[in-house]
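One structure is given here, and the rest of the page talks about it.
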Protein chains: 2
Amino acid sequence: MIDTDAVVIGAGPVGLFQVFQLGLLGIKAEIIDVLPEAGGQCMALYPDKPIYDIPGVPVCTGRELTQQLLQQAAPFLLVDTGSSKATPRNLHLGQMVARLAPQATGGFVVETEEGPSFHAKAVFIAAGAGAFVPKTLSIPELQGAANLHYHLPSFDDHAEAAAWAGQHLVVSGGGDEALSAVASIMQAPAAQRPARLTLLHRRAQFQAEAPLAEAVQALIDQGAIELAVGMPTGTRIQNGRIEALSLLNADSATVELPLQHLLIRQGMSPKLGPLTNWGLALERKQLSVQAHSFETSVPGIYAIGDINTYPGKKRLLLCGFHEATLAAHHAAAALHPEAPQHLLYTTTSPLLHKRLGVAP
Amino acid sequence: MIDTDAVVIGAGPVGLFQVFQLGLLGIKAEIIDVLPEAGGQCMALYPDKPIYDIPGVPVCTGRELTQQLLQQAAPFLLVDTGSSKATPRNLHLGQMVARLAPQATGGFVVETEEGPSFHAKAVFIAAGAGAFVPKTLSIPELQGAANLHYHLPSFDDHAEAAAWAGQHLVVSGGGDEALSAVASIMQAPAAQRPARLTLLHRRAQFQAEAPLAEAVQALIDQGAIELAVGMPTGTRIQNGRIEALSLLNADSATVELPLQHLLIRQGMSPKLGPLTNWGLALERKQLSVQAHSFETSVPGIYAIGDINTYPGKKRLLLCGFHEATLAAHHAAAALHPEAPQHLLYTTTSPLLHKRLGVAP
């Protein structure tokens with residue numbers, strides 16, 4: 001159990017700025033995100049596309065904005081000395097928050113599915129549209145099967161062989177994510193490749209960048225990989241392993257596709273997930289907050305950015321930055337009622353300069 | 001009378017971002033500021049000092065922030081072609097707004113003291129701490145005297161001679177602004193210099209940057225200028241011209257300082273001024289607004305940035321940017337109730353790309 005002042009759920013732009021604002025106010029934060037890197041939707045969906053409406057930044061990409069916000073929050077991200085490229089030790093990536101529970105003795109316990117747990121005095125939910133999780137097939141029986149995969153292993157000569165090495169792998173999807181997975185797998189060292197690879201898509205055309213689509217089509221034309229066209233409608237499972245998928249084909253016939261491993265690569269989608277179970281007031285799947293504090297229906301739990309709603313709400317990054325700021329000030333006043341509450345400015349305050357590490 | 005969609009009062013950072021957000025929503029704006037350049041308090045008070053809390057900008061000066069915001073708003077600032085350095089024709093600098101009056105026929109008339117008037121459908125007051133006006137001496141009789149000055153003329157060989165050329169000029173002040181004025185005047189072409197220059201300050205020490213204070217002290221030591229130490233307590237005025245100031249000196253004696261021109265250079269201070277007379281609800285000298293729309297007590301008049309107040313208000317630039325954005329959306333919905341109100345994103349919207357001038 002990590003004991004801290006604040007937990008920030010979500011390391012997108014708004015979550016990163018929340019850590020910065022909390023830091024200015026002397027509040028230590030731990031930050032958790034389900035994605036493997038910081039930046040949230042900005043990095044997951046449009047890392048290289050231009051954004052024009054960040055105030056004072058005429059244009060930047062999602063990646064550039066993320067890098068700038070990481071740099072800005074750096075005084076409050078705890079990087080162990082001697083390892084300059086390491087992930088800060090208060091930034092917990094690839095962790096899905098599962099439970100958030102107020103404690104009778106005060107504060108909150110925050111638990112991740114497979115990682116660390118936290119005790120915090122305040123919680124800031126900056127979860128955007130929800131946790132980004134892989135899209136799957138709508139066949140509930142598949143979930144939990146031992147031979148179902150969503151992620152690619154790293155391919156190199158020293159890596160452990162992929163689970164599907166030497167076996168029949170079916171890759172489901174027809175977009176960039178599926179096709180780039182197929183291309184990577186076919187370029188892996190021979191010992192790590194499947195003996196047979198079938199690309200499963202609901203039609204024979206792909207929705208991917210032209211060069212990638214052409215490269216995969218060439219592999220199909222050469223017979224290096226197979227293409228199965230059809231809509232998955234069911235599965236045959238034995239001993240917790242998928243043995244086959246049932247496909248509805250273009251002739252409205254159901255055929256069976258036997259397989260040894262299934263890799264689903266159909267993109268990511270945001271999932272509100274566990275946070276609907278935390279007892280917080282919701283309105284149309286958003287967390288209801290007070291417009292002056294961005295506090296949810298539970299005192300001490302704040303919601304900021306795209307996850308919240310209040311009268312006049314616009315789902316814009318610059319609004320999330322404002323919300324994070326007012327939430328930080330509200331929490332600071334609640335946590336330290338004895339401290340003076342007058343506003344300090346980063347341009348003039350020696351205390352803020354010290355916290356930012358820019359004092360002479 | 002200039003007819004427009006919106007008037008923005010104040011060309012500080014928040015006013016500039018207001019123009020940008022209105023532009024994204026297809027609303028044309030005219031912008032007015034009392035100062036001779038854009039940037040408001042940022043440029044007037046800390047053009048070269050660092051700001052650390054603009055989201056996504058780890059550090060910038062007031063000048064850099066202003067330049068970035070001008071660049072961002074550029075698609076909506078109307079610069080006449082052929083004169084790339086000209087002030088945009090919808091940016092009215094050096095103009096004090098005197099009157100704001102709702103019209104029975106709809107909309108508002110906005111009048112400046114000496115410049116243009118406007119008819120607008122909506123008004124956005126981004127006046128910061130108020131209009132920045134020169135500080136003066138607390139001798140009410142001085143005001144309006146023909147030989148009282150606050151501004152320096154431009155000195156060059158082709159300029160009209162300063163009013164005080166060949167006469168006795170008294171410069172009041174002991175800070176950077178007074179001393180730099182003295183230094184400029186003494187470097188002017190001979191024909192534009194006063195015959196006699198007296199620096200008037202309440203004590204013999206100056207509050208200015210060391211090199212400037214030393215340069216002026218050297219002029220005093222050389223006898224090139226005189227120093228009068230004392231507190232101005234009264235004046236002698238004849239035919240609308242100041243003939244002398246009464247000074248209380250260090251010996252508690254009152255002495256008379258005859259003069260032909262008086263230049264007051266004691267810095268700027270913000271003045272709420274006329275806007276307290278526009279019938280808008282005030283709370284502790286701030287304009288009360290709704291936290292979801294930033295509309296004042298008069299529908300169609302918005303107040304954003306440091307001039308407004310609402311529960312939880314923090315006087316931070318990043319909050320002003322959010323307020324400008326929500327105010328723009330609220331005004332757009334009121335002005336064009338028939339238009340679709342779903343939010344467009346600058347990253348993806350072809351319409352916004354067209355308005356920004358970045359469409360392919």
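Ligands are numbered from 1 in the order shown, chains are lettered A, B, ... in the order of the structure tokens, and residues start at 1 in each chain.
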Hey, could you lay chain A over chain B with a least-squares C-alpha fit (all atoms, paired in order) and save it as a short mmCIF file (atom, residue, chain, number, x, y, z; two decimals) with C-alpha atoms, in the first residue's frame?
data_model
loop_
_atom_site.label_atom_id
_atom_site.label_comp_id
_atom_site.auth_asym_id
_atom_site.auth_seq_id
_atom_site.Cartn_x
_atom_site.Cartn_y
_atom_site.Cartn_z
CA MET A 1 -20.15 53.30 -36.31
CA ILE A 2 -18.58 49.90 -36.97
CA ASP A 3 -21.19 47.13 -37.11
CA THR A 4 -19.94 43.76 -35.85
CA ASP A 5 -21.01 40.54 -34.17
CA ALA A 6 -18.91 41.03 -31.05
CA VAL A 7 -16.74 43.63 -29.32
CA VAL A 8 -13.94 42.40 -27.06
CA ILE A 9 -12.76 45.02 -24.55
CA GLY A 10 -9.14 44.30 -23.71
CA ALA A 11 -6.38 42.84 -25.91
CA GLY A 12 -4.53 41.02 -23.15
CA PRO A 13 -4.01 37.24 -23.35
CA VAL A 14 -7.62 36.45 -22.44
CA GLY A 15 -9.07 39.00 -24.88
CA LEU A 16 -6.88 37.62 -27.69
CA PHE A 17 -8.00 34.06 -26.93
CA GLN A 18 -11.61 35.29 -26.85
CA VAL A 19 -11.22 36.51 -30.44
CA PHE A 20 -9.80 33.09 -31.40
CA GLN A 21 -12.67 31.16 -29.79
CA LEU A 22 -15.27 33.49 -31.31
CA GLY A 23 -13.61 33.05 -34.68
CA LEU A 24 -13.78 29.25 -34.42
CA LEU A 25 -17.52 29.63 -33.87
CA GLY A 26 -17.89 31.95 -36.88
CA ILE A 27 -18.41 35.12 -34.82
CA LYS A 28 -16.65 38.26 -36.08
CA ALA A 29 -15.05 40.43 -33.38
CA GLU A 30 -13.56 43.89 -32.98
CA ILE A 31 -11.05 44.26 -30.14
CA ILE A 32 -10.22 47.45 -28.23
CA ASP A 33 -7.42 48.21 -25.75
CA VAL A 34 -6.24 51.36 -23.98
CA LEU A 35 -2.58 50.33 -24.27
CA PRO A 36 -0.56 51.05 -27.39
CA GLU A 37 0.16 47.33 -27.98
CA ALA A 38 -1.55 43.95 -27.50
CA GLY A 39 -0.73 41.79 -24.48
CA GLY A 40 -2.27 43.71 -21.59
CA GLN A 41 -0.66 43.36 -18.18
CA CYS A 42 1.65 40.61 -19.53
CA MET A 43 3.31 43.13 -21.83
CA ALA A 44 2.93 46.19 -19.60
CA LEU A 45 4.24 44.64 -16.38
CA TYR A 46 6.33 41.51 -17.11
CA PRO A 47 7.18 41.19 -20.80
CA ASP A 48 10.51 39.50 -20.05
CA LYS A 49 9.70 37.51 -16.91
CA PRO A 50 9.01 33.77 -17.04
CA ILE A 51 5.53 32.29 -16.65
CA TYR A 52 5.48 28.59 -15.73
CA ASP A 53 1.80 27.66 -15.50
CA ILE A 54 0.36 27.94 -19.00
CA PRO A 55 -0.77 24.34 -19.68
CA GLY A 56 1.53 22.67 -22.21
CA VAL A 57 4.03 25.54 -22.10
CA PRO A 58 6.66 24.71 -19.45
CA VAL A 59 8.02 28.27 -19.55
CA CYS A 60 7.44 31.43 -21.58
CA THR A 61 7.74 35.18 -21.06
CA GLY A 62 4.80 37.58 -21.15
CA ARG A 63 6.03 38.76 -24.54
CA GLU A 64 6.32 35.22 -25.94
CA LEU A 65 2.85 34.31 -24.70
CA THR A 66 1.42 37.43 -26.32
CA GLN A 67 3.16 36.65 -29.62
CA GLN A 68 1.88 33.05 -29.55
CA LEU A 69 -1.68 34.19 -28.82
CA LEU A 70 -1.52 36.78 -31.61
CA GLN A 71 -0.33 34.05 -33.99
CA GLN A 72 -3.11 31.72 -32.82
CA ALA A 73 -5.75 34.44 -33.29
CA ALA A 74 -4.23 35.52 -36.63
CA PRO A 75 -6.91 33.76 -38.75
CA PHE A 76 -9.41 36.14 -37.13
CA LEU A 77 -7.30 39.32 -37.08
CA LEU A 78 -7.92 41.28 -40.26
CA VAL A 79 -4.60 42.45 -41.62
CA ASP A 80 -4.87 44.43 -44.83
CA THR A 81 -2.98 42.68 -47.59
CA GLY A 82 0.17 44.40 -48.78
CA SER A 83 1.10 45.73 -45.33
CA SER A 84 2.26 42.70 -43.35
CA LYS A 85 3.36 44.71 -40.30
CA ALA A 86 0.21 46.80 -39.99
CA THR A 87 -2.02 46.54 -36.94
CA PRO A 88 -5.04 44.41 -37.85
CA ARG A 89 -7.98 46.63 -38.73
CA ASN A 90 -10.22 44.94 -36.11
CA LEU A 91 -7.63 45.61 -33.36
CA HIS A 92 -8.10 49.13 -31.98
CA LEU A 93 -5.15 50.05 -29.73
CA GLY A 94 -4.66 53.17 -27.60
CA GLN A 95 -8.43 53.55 -27.25
CA MET A 96 -10.22 53.81 -23.92
CA VAL A 97 -13.78 52.49 -23.93
CA ALA A 98 -15.96 55.19 -22.39
CA ARG A 99 -19.55 54.00 -22.80
CA LEU A 100 -21.39 50.71 -23.22
CA ALA A 101 -25.14 50.91 -23.64
CA PRO A 102 -27.77 48.30 -24.52
CA GLN A 103 -29.98 49.40 -27.42
CA ALA A 104 -33.77 49.23 -27.39
CA THR A 105 -33.55 47.69 -30.88
CA GLY A 106 -31.15 44.97 -29.67
CA GLY A 107 -27.42 44.69 -29.21
CA PHE A 108 -25.08 47.24 -27.72
CA VAL A 109 -23.34 50.47 -28.64
CA VAL A 110 -19.71 50.68 -27.49
CA GLU A 111 -18.03 54.09 -27.65
CA THR A 112 -14.37 54.92 -27.17
CA GLU A 113 -13.24 58.24 -25.71
CA GLU A 114 -11.62 59.58 -28.84
CA GLY A 115 -11.85 56.80 -31.43
CA PRO A 116 -14.41 54.67 -33.20
CA SER A 117 -17.84 53.54 -32.00
CA PHE A 118 -19.29 50.08 -32.50
CA HIS A 119 -22.63 48.33 -32.66
CA ALA A 120 -22.34 44.71 -31.53
CA LYS A 121 -24.65 41.81 -30.77
CA ALA A 122 -22.51 40.70 -27.82
CA VAL A 123 -19.76 42.29 -25.71
CA PHE A 124 -16.89 40.50 -23.96
CA ILE A 125 -15.17 42.48 -21.20
CA ALA A 126 -11.62 41.14 -20.83
CA ALA A 127 -10.34 44.23 -19.08
CA GLY A 128 -8.06 42.52 -16.54
CA ALA A 129 -7.47 44.72 -13.53
CA GLY A 130 -8.93 47.62 -15.49
CA ALA A 131 -7.56 50.06 -18.03
CA PHE A 132 -3.84 50.72 -17.52
CA VAL A 133 -3.50 54.48 -17.14
CA PRO A 134 -0.56 56.61 -15.96
CA LYS A 135 -0.37 57.24 -12.21
CA THR A 136 -0.62 60.91 -11.41
CA LEU A 137 -0.03 63.32 -8.51
CA SER A 138 -2.85 63.59 -6.00
CA ILE A 139 -3.50 67.25 -6.79
CA PRO A 140 -6.87 67.30 -8.58
CA GLU A 141 -6.40 70.85 -9.91
CA LEU A 142 -3.59 69.61 -12.17
CA GLN A 143 -5.84 67.52 -14.38
CA GLY A 144 -6.56 69.02 -17.76
CA ALA A 145 -3.79 71.62 -17.58
CA ALA A 146 -2.43 72.37 -21.05
CA ASN A 147 1.20 71.93 -19.98
CA LEU A 148 0.74 68.58 -18.15
CA HIS A 149 2.20 65.55 -19.94
CA TYR A 150 2.42 61.79 -19.38
CA HIS A 151 4.00 60.58 -22.61
CA LEU A 152 7.31 61.21 -24.35
CA PRO A 153 7.26 62.36 -27.97
CA SER A 154 9.48 60.47 -30.41
CA PHE A 155 12.85 62.18 -30.60
CA ASP A 156 14.52 62.37 -33.97
CA ASP A 157 15.86 65.06 -36.25
CA HIS A 158 12.66 65.20 -38.29
CA ALA A 159 10.22 65.13 -35.37
CA GLU A 160 8.19 68.13 -34.36
CA ALA A 161 9.96 69.75 -31.38
CA ALA A 162 8.65 68.64 -27.99
CA ALA A 163 6.29 71.14 -26.36
CA TRP A 164 8.92 71.88 -23.73
CA ALA A 165 11.82 72.62 -26.11
CA GLY A 166 13.85 75.55 -24.79
CA GLN A 167 11.73 75.83 -21.62
CA HIS A 168 11.84 74.61 -17.99
CA LEU A 169 10.57 71.03 -17.73
CA VAL A 170 9.92 69.27 -14.42
CA VAL A 171 9.85 65.45 -14.56
CA SER A 172 8.08 63.84 -11.59
CA GLY A 173 9.10 60.33 -10.46
CA GLY A 174 12.04 58.33 -9.12
CA GLY A 175 11.63 54.93 -10.79
CA ASP A 176 12.69 53.43 -14.09
CA GLU A 177 10.00 55.22 -16.00
CA ALA A 178 10.98 58.71 -14.83
CA LEU A 179 14.72 58.14 -15.07
CA SER A 180 14.58 56.60 -18.53
CA ALA A 181 12.48 59.59 -19.64
CA VAL A 182 15.14 61.98 -18.27
CA ALA A 183 17.89 60.02 -20.04
CA SER A 184 15.96 60.04 -23.34
CA ILE A 185 15.23 63.76 -23.13
CA MET A 186 18.90 64.58 -22.45
CA GLN A 187 19.92 62.51 -25.49
CA ALA A 188 17.40 64.22 -27.79
CA PRO A 189 18.62 66.59 -30.52
CA ALA A 190 19.59 69.95 -28.95
CA ALA A 191 16.66 71.82 -30.52
CA GLN A 192 14.21 69.47 -28.83
CA ARG A 193 15.69 69.60 -25.32
CA PRO A 194 14.35 71.80 -22.52
CA ALA A 195 16.55 74.76 -21.52
CA ARG A 196 16.33 73.54 -17.91
CA LEU A 197 15.31 70.11 -16.58
CA THR A 198 14.40 69.40 -12.96
CA LEU A 199 13.81 65.88 -11.67
CA LEU A 200 11.26 65.97 -8.85
CA HIS A 201 11.19 63.06 -6.40
CA ARG A 202 10.15 62.69 -2.79
CA ARG A 203 13.67 61.66 -1.77
CA ALA A 204 17.23 61.72 -3.09
CA GLN A 205 17.38 57.95 -3.77
CA PHE A 206 15.94 56.34 -6.88
CA GLN A 207 14.14 52.99 -7.35
CA ALA A 208 15.57 52.16 -10.75
CA GLU A 209 17.98 49.70 -12.34
CA ALA A 210 21.50 50.52 -11.10
CA PRO A 211 23.07 51.61 -14.44
CA LEU A 212 20.16 53.96 -15.17
CA ALA A 213 20.18 55.41 -11.65
CA GLU A 214 23.94 55.97 -11.89
CA ALA A 215 23.67 57.66 -15.27
CA VAL A 216 21.01 60.08 -14.00
CA GLN A 217 22.98 60.73 -10.78
CA ALA A 218 25.97 61.63 -12.94
CA LEU A 219 23.86 64.18 -14.85
CA ILE A 220 22.80 65.70 -11.50
CA ASP A 221 26.39 65.75 -10.21
CA GLN A 222 27.54 67.47 -13.42
CA GLY A 223 24.82 70.08 -13.03
CA ALA A 224 23.23 69.09 -16.36
CA ILE A 225 19.94 68.55 -14.58
CA GLU A 226 18.63 69.64 -11.19
CA LEU A 227 17.11 67.49 -8.46
CA ALA A 228 14.19 68.81 -6.39
CA VAL A 229 13.43 66.69 -3.32
CA GLY A 230 9.98 67.13 -1.84
CA MET A 231 6.37 66.06 -1.70
CA PRO A 232 4.06 67.97 -4.07
CA THR A 233 1.15 69.37 -2.03
CA GLY A 234 -0.41 72.01 -4.26
CA THR A 235 -0.19 73.97 -7.46
CA ARG A 236 -0.55 77.47 -8.85
CA ILE A 237 -2.49 77.54 -12.11
CA GLN A 238 -3.15 80.48 -14.39
CA ASN A 239 -5.11 80.45 -17.65
CA GLY A 240 -5.25 76.64 -17.61
CA ARG A 241 -1.47 76.28 -17.30
CA ILE A 242 0.51 75.05 -14.30
CA GLU A 243 2.89 77.84 -13.22
CA ALA A 244 4.37 76.14 -10.14
CA LEU A 245 4.11 73.21 -7.74
CA SER A 246 4.22 73.62 -3.94
CA LEU A 247 6.61 71.13 -2.34
CA LEU A 248 6.86 70.05 1.27
CA ASN A 249 10.60 69.54 1.80
CA ALA A 250 12.58 67.45 4.30
CA ASP A 251 12.64 70.39 6.77
CA SER A 252 8.80 70.46 6.74
CA ALA A 253 8.95 73.77 4.92
CA THR A 254 6.79 74.47 1.86
CA VAL A 255 8.73 75.79 -1.11
CA GLU A 256 7.58 76.70 -4.61
CA LEU A 257 8.98 75.08 -7.77
CA PRO A 258 8.18 77.27 -10.79
CA LEU A 259 7.93 75.39 -14.10
CA GLN A 260 6.77 75.71 -17.69
CA HIS A 261 5.96 72.04 -18.36
CA LEU A 262 5.28 69.07 -16.07
CA LEU A 263 5.90 65.48 -17.20
CA ILE A 264 4.57 62.88 -14.76
CA ARG A 265 6.33 59.50 -15.07
CA GLN A 266 5.24 57.49 -12.06
CA GLY A 267 4.25 54.21 -13.72
CA MET A 268 0.93 52.84 -14.80
CA SER A 269 -1.90 51.62 -12.65
CA PRO A 270 -5.07 49.79 -13.54
CA LYS A 271 -8.25 51.78 -13.28
CA LEU A 272 -11.70 50.21 -13.39
CA GLY A 273 -12.85 53.53 -14.72
CA PRO A 274 -15.97 53.82 -16.80
CA LEU A 275 -16.98 50.17 -16.59
CA THR A 276 -18.36 50.67 -13.08
CA ASN A 277 -20.96 52.95 -14.67
CA TRP A 278 -22.39 50.49 -17.16
CA GLY A 279 -25.11 49.11 -14.89
CA LEU A 280 -23.42 45.72 -14.44
CA ALA A 281 -23.58 43.93 -11.08
CA LEU A 282 -20.32 44.31 -9.15
CA GLU A 283 -18.87 42.46 -6.19
CA ARG A 284 -15.75 43.94 -4.57
CA LYS A 285 -14.99 45.87 -7.77
CA GLN A 286 -15.20 42.72 -9.94
CA LEU A 287 -17.97 41.98 -12.41
CA SER A 288 -20.25 39.22 -11.09
CA VAL A 289 -20.78 36.45 -13.64
CA GLN A 290 -22.54 33.10 -13.99
CA ALA A 291 -19.95 30.31 -13.66
CA HIS A 292 -21.38 28.33 -16.59
CA SER A 293 -21.57 31.15 -19.15
CA PHE A 294 -19.49 34.01 -17.71
CA GLU A 295 -22.37 36.29 -18.57
CA THR A 296 -22.74 39.41 -16.41
CA SER A 297 -26.03 40.62 -14.95
CA VAL A 298 -26.88 41.97 -18.43
CA PRO A 299 -27.60 39.22 -20.99
CA GLY A 300 -25.26 39.50 -23.96
CA ILE A 301 -22.46 41.13 -21.94
CA TYR A 302 -19.79 38.67 -20.79
CA ALA A 303 -16.86 39.26 -18.43
CA ILE A 304 -13.80 37.01 -18.54
CA GLY A 305 -10.37 36.91 -16.93
CA ASP A 306 -9.22 38.97 -13.96
CA ILE A 307 -12.12 41.44 -14.19
CA ASN A 308 -14.78 38.89 -13.19
CA THR A 309 -15.73 37.04 -10.04
CA TYR A 310 -17.70 33.88 -9.27
CA PRO A 311 -17.46 31.22 -6.54
CA GLY A 312 -14.02 29.58 -6.64
CA LYS A 313 -12.54 32.23 -8.96
CA LYS A 314 -8.74 32.21 -9.30
CA ARG A 315 -7.10 35.06 -11.16
CA LEU A 316 -4.99 32.89 -13.44
CA LEU A 317 -4.53 33.17 -17.18
CA LEU A 318 -5.46 29.54 -17.80
CA CYS A 319 -8.81 30.12 -16.05
CA GLY A 320 -9.43 33.13 -18.26
CA PHE A 321 -8.87 30.96 -21.35
CA HIS A 322 -11.55 28.54 -20.13
CA GLU A 323 -13.92 31.41 -19.35
CA ALA A 324 -13.44 32.90 -22.83
CA THR A 325 -14.23 29.51 -24.37
CA LEU A 326 -17.43 28.90 -22.44
CA ALA A 327 -18.52 32.53 -22.97
CA ALA A 328 -17.99 32.15 -26.73
CA HIS A 329 -20.09 28.97 -26.83
CA HIS A 330 -22.84 30.57 -24.76
CA ALA A 331 -22.92 33.61 -27.03
CA ALA A 332 -22.92 31.45 -30.16
CA ALA A 333 -25.95 29.53 -28.91
CA ALA A 334 -27.73 32.81 -28.10
CA LEU A 335 -26.86 34.45 -31.44
CA HIS A 336 -27.55 31.39 -33.60
CA PRO A 337 -30.11 29.27 -31.74
CA GLU A 338 -30.91 27.44 -34.98
CA ALA A 339 -27.33 26.22 -35.52
CA PRO A 340 -26.35 22.73 -34.32
CA GLN A 341 -24.69 23.03 -30.92
CA HIS A 342 -22.59 19.89 -30.89
CA LEU A 343 -18.96 20.52 -30.14
CA LEU A 344 -16.52 20.54 -33.06
CA TYR A 345 -12.84 19.71 -32.53
CA THR A 346 -9.96 21.53 -34.18
CA THR A 347 -8.24 18.18 -34.74
CA THR A 348 -11.04 16.67 -36.81
CA SER A 349 -13.55 19.27 -38.02
CA PRO A 350 -13.31 20.31 -41.71
CA LEU A 351 -15.37 23.43 -40.88
CA LEU A 352 -12.91 24.53 -38.18
CA HIS A 353 -9.99 23.74 -40.50
CA LYS A 354 -11.56 26.04 -43.08
CA ARG A 355 -12.05 28.83 -40.53
CA LEU A 356 -8.45 28.40 -39.33
CA GLY A 357 -7.19 28.52 -42.91
CA VAL A 358 -5.55 25.08 -42.63
CA ALA A 359 -7.98 23.10 -44.80
CA PRO A 360 -6.31 21.33 -47.74
#
Residues of stretch 68-292 of chain B classed as alpha helix (DSSP H) by DSSP on the backbone are to be reported as a PyMOL selection string.
chain B and resi 68-73+176-187+210-222
- Mind the document's chain letters and residue numbers, and return as a ChimeraX atom specification the residues of stretch 166-335 of chain A that DSSP labels strand (DSSP E or B). /A:168-172,175,196-201,207,226-229,231-238,241-248,254-258,261-264,268-271,282-283,286-288,295,301-303,308-309
